[in-house]
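Input: a single structure, listed below in C-alpha cells.
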Amino acid sequence: MSDRLVWYAAYGSNLSRDRFLLYLLGGRPGTGQQPHAGAGDRTPPRGEAVVRIPGVMGFAGASLRWSGGTSVLHHEAPGRSISRLWLLTAGQLADVAAQECGLEPGALGIDLEEVVGRRSVVVSPRRYGRMVHLGDRAGSPVVTMTSPRPAPPSAPGSAYLDVVRAGLEECGLGAAEIDAYLVRRPGFVDRGAGEGGR
C-alpha cells in the first residue's frame, strides 16, 4: 500500500514547488523556523497538474510558524478552489501529512482504502489531521488534508501569504487574478495592504 500512487491536492503554501519539496527533501522554510525532516522516500513527485477542486479554501487558525492563519479547505462548502496536484506514493503522503501535523515522518498510519471508502477520515487531532478523498485522476485517488474541526477565520501573516501568492503564480495566474482569487477567501486580509488585497 505504501507504494500505491496518490495525488496530493495542495491548495495553500504547498502550491509552491520549493515550499512543498521541503516535505519530501527536508530543509528549513524560513529564517528562524524549524526545519522539516523530509520524507523517508525522497523521490520527487512523479507528476503534477493544476486543477480546481471542490470546496472553498480559506484562512483559519493561528500558526506559530507563520504568525497568523493558514490555508484550510472547507471541503463541503459549495465552490471550487485552485489546487496543484502532486503525484506521490501513499507512504510519501503519510510522511507529508505527519509533518503538516507537526509530527515526525512515519508517525501517522494512513489507511488509504479507508480514506477513499469513507471520503473523509480524521487521522490526527492536529491542524491538518483530516484526510479527504476528492475523486480520482488517471486511476489514482486525489486526496487532500484539512482541519479536523471547524476553525474560525483568521488573517494570514505576510510571509505565509507571499508563499501562497508565489504558488498561485506558478499555477499560471497573473497578479490581478491572484488578487481577485484571494480576496474571496474566508479570513483573507492582506496585512501589507489592508483588507481587500493589493
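All residue names refer to the C-alpha cells as shown: chains lettered A, B, ... in order, residues numbered from 1 in each chain, ligands numbered from 1 in order.
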Please report, as a Markdown table, each residue of range 135-174 of chain A lying at most 12 Å from range 85-94 of chain A, together with the nearest pair of atoms and the separation in Å rounded to one decimal; use only C-alpha atoms, and order rows by chain and ascending residue number.
| residue | atom | partner | partner_atom | distance |
| --- | --- | --- | --- | --- |
| A:Asp136 | CA | A:Leu85 | CA | 11.4 |
| A:Arg137 | CA | A:Leu85 | CA | 9.9 |
| A:Ala138 | CA | A:Leu87 | CA | 10.7 |
| A:Gly139 | CA | A:Leu87 | CA | 11.6 |
| A:Ser140 | CA | A:Leu87 | CA | 8.8 |
| A:Pro141 | CA | A:Leu87 | CA | 9.8 |
| A:Val142 | CA | A:Leu85 | CA | 7.9 |
| A:Val143 | CA | A:Leu93 | CA | 9.1 |
| A:Thr144 | CA | A:Leu85 | CA | 9.3 |
| A:Met145 | CA | A:Leu93 | CA | 9.9 |
| A:Cys171 | CA | A:Leu85 | CA | 10.5 |
Need to verify the contact set: Gln33 in chain A, 9 Å, only C-alpha atoms, exclusion of same-chain residues closer than 5 positions in sequence. Can you return it as a list in words? Arg28, Arg65 and Trp66 of chain A
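The strand (DSSP E) portion of range 114-170 of chain A consists of Ser120, Val121, Val122, Arg130, Met131, Val132, His133, Leu134, Gly135, Asp136, Arg137, Ser140, Pro141, Val142, Val143, Thr144, Met145 and Thr146 of chain A, with states taken from DSSP on the backbone.
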Produce a file of the selected residues containing C-alpha atoms, as a PDB file, in the first residue's frame.
ATOM      1  CA  SER A 120     -13.270  11.905   4.956  1.00  0.00           C
ATOM      2  CA  VAL A 121     -11.215  10.434   7.811  1.00  0.00           C
ATOM      3  CA  VAL A 122      -9.580  12.113  10.808  1.00  0.00           C
ATOM      4  CA  ARG A 130      -8.399  15.291   8.269  1.00  0.00           C
ATOM      5  CA  MET A 131      -7.772  13.385   5.027  1.00  0.00           C
ATOM      6  CA  VAL A 132     -10.372  13.972   2.309  1.00  0.00           C
ATOM      7  CA  HIS A 133     -10.854  11.983  -0.885  1.00  0.00           C
ATOM      8  CA  LEU A 134     -11.831  14.395  -3.670  1.00  0.00           C
ATOM      9  CA  GLY A 135     -12.191  11.926  -6.533  1.00  0.00           C
ATOM     10  CA  ASP A 136      -9.803  10.185  -8.895  1.00  0.00           C
ATOM     11  CA  ARG A 137      -7.459  11.164 -11.702  1.00  0.00           C
ATOM     12  CA  SER A 140      -5.225   7.229  -8.728  1.00  0.00           C
ATOM     13  CA  PRO A 141      -7.169   8.831  -5.859  1.00  0.00           C
ATOM     14  CA  VAL A 142      -6.966  12.572  -5.252  1.00  0.00           C
ATOM     15  CA  VAL A 143      -6.562  13.276  -1.527  1.00  0.00           C
ATOM     16  CA  THR A 144      -6.084  16.469   0.454  1.00  0.00           C
ATOM     17  CA  MET A 145      -5.607  17.441   4.097  1.00  0.00           C
ATOM     18  CA  THR A 146      -7.539  19.986   6.126  1.00  0.00           C
TER      19      THR A 146
END
Could you pull out the residues in range 35-191 of chain A that DSSP calls alpha helix (DSSP H) from the backbone, as a PyMOL selection string? chain A and resi 90-100+112-118+158-170+175-182
Range 52-63 of chain A: which residues within 6 Å, counting only C-alpha atoms, same-chain residues fewer than 5 positions away excluded, as a short mmCIF file (atom, residue, chain, number, x, y, z; two decimals) with N, CA and C atoms, in the first residue's frame?
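Result file is part.cif:
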data_model
loop_
_atom_site.label_atom_id
_atom_site.label_comp_id
_atom_site.auth_asym_id
_atom_site.auth_seq_id
_atom_site.Cartn_x
_atom_site.Cartn_y
_atom_site.Cartn_z
N GLY A 68 0.05 33.70 12.02
CA GLY A 68 -1.27 34.04 11.51
C GLY A 68 -1.99 32.82 11.02
N GLY A 69 -3.11 33.05 10.35
CA GLY A 69 -3.89 31.95 9.81
C GLY A 69 -3.18 31.25 8.67
N THR A 70 -3.52 30.00 8.48
CA THR A 70 -3.01 29.23 7.34
C THR A 70 -4.19 28.67 6.55
N SER A 71 -3.91 28.14 5.38
CA SER A 71 -4.97 27.67 4.49
C SER A 71 -5.64 26.41 5.03
N VAL A 72 -6.95 26.41 4.96
CA VAL A 72 -7.74 25.21 5.20
C VAL A 72 -8.72 25.07 4.05
N LEU A 73 -9.19 23.86 3.82
CA LEU A 73 -10.18 23.65 2.77
C LEU A 73 -11.51 23.29 3.43
N HIS A 74 -12.50 24.13 3.19
CA HIS A 74 -13.87 23.82 3.62
C HIS A 74 -14.44 22.90 2.54
N HIS A 75 -14.16 21.61 2.70
CA HIS A 75 -14.37 20.68 1.59
C HIS A 75 -15.85 20.41 1.29
N GLU A 76 -16.74 20.73 2.21
CA GLU A 76 -18.16 20.50 1.96
C GLU A 76 -18.88 21.78 1.52
N ALA A 77 -18.16 22.91 1.49
CA ALA A 77 -18.77 24.16 1.07
C ALA A 77 -18.90 24.20 -0.46
N PRO A 78 -19.98 24.80 -0.97
CA PRO A 78 -20.12 24.91 -2.43
C PRO A 78 -19.08 25.87 -2.99
N GLY A 79 -18.43 25.45 -4.02
CA GLY A 79 -17.41 26.28 -4.65
C GLY A 79 -16.26 25.44 -5.14
N ARG A 80 -15.28 26.08 -5.76
CA ARG A 80 -14.09 25.41 -6.27
C ARG A 80 -12.87 26.21 -5.86
N SER A 81 -11.77 25.52 -5.67
CA SER A 81 -10.52 26.17 -5.28
C SER A 81 -9.39 25.69 -6.16
N ILE A 82 -8.41 26.56 -6.37
CA ILE A 82 -7.25 26.22 -7.18
C ILE A 82 -6.38 25.24 -6.40
N SER A 83 -5.94 24.21 -7.08
CA SER A 83 -5.10 23.19 -6.43
C SER A 83 -3.98 22.78 -7.38
N ALA A 151 -12.59 25.75 12.09
CA ALA A 151 -11.71 26.71 12.73
C ALA A 151 -12.16 28.11 12.34
N PRO A 152 -12.12 29.07 13.27
CA PRO A 152 -12.57 30.42 12.94
C PRO A 152 -11.65 31.08 11.93
N PRO A 153 -12.20 31.90 11.03
CA PRO A 153 -11.36 32.60 10.06
C PRO A 153 -10.29 33.44 10.76
N SER A 154 -9.12 33.48 10.16
CA SER A 154 -8.00 34.23 10.74
C SER A 154 -7.09 34.70 9.62
N ARG A 185 -11.46 34.67 -0.43
CA ARG A 185 -11.21 33.56 0.51
C ARG A 185 -11.63 33.96 1.93
N PRO A 186 -12.37 33.12 2.64
CA PRO A 186 -12.71 33.43 4.04
C PRO A 186 -11.46 33.66 4.88
N GLY A 187 -11.48 34.73 5.67
CA GLY A 187 -10.36 35.05 6.54
C GLY A 187 -9.28 35.89 5.89
#
Can you measure CA of Ala176 in chain A to CA of Phe188 in chain A for me? One decimal in Å is fine.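 So the two atoms, CA of Ala176 in chain A and CA of Phe188 in chain A, lie 15.7 Å apart.
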Got a sec: who's within 8 Å of Pro148 in chain A, counting only C-alpha atoms, leaving out chain neighbours fewer than 3 positions off, as number ranges by chain? A: 122, 124-130
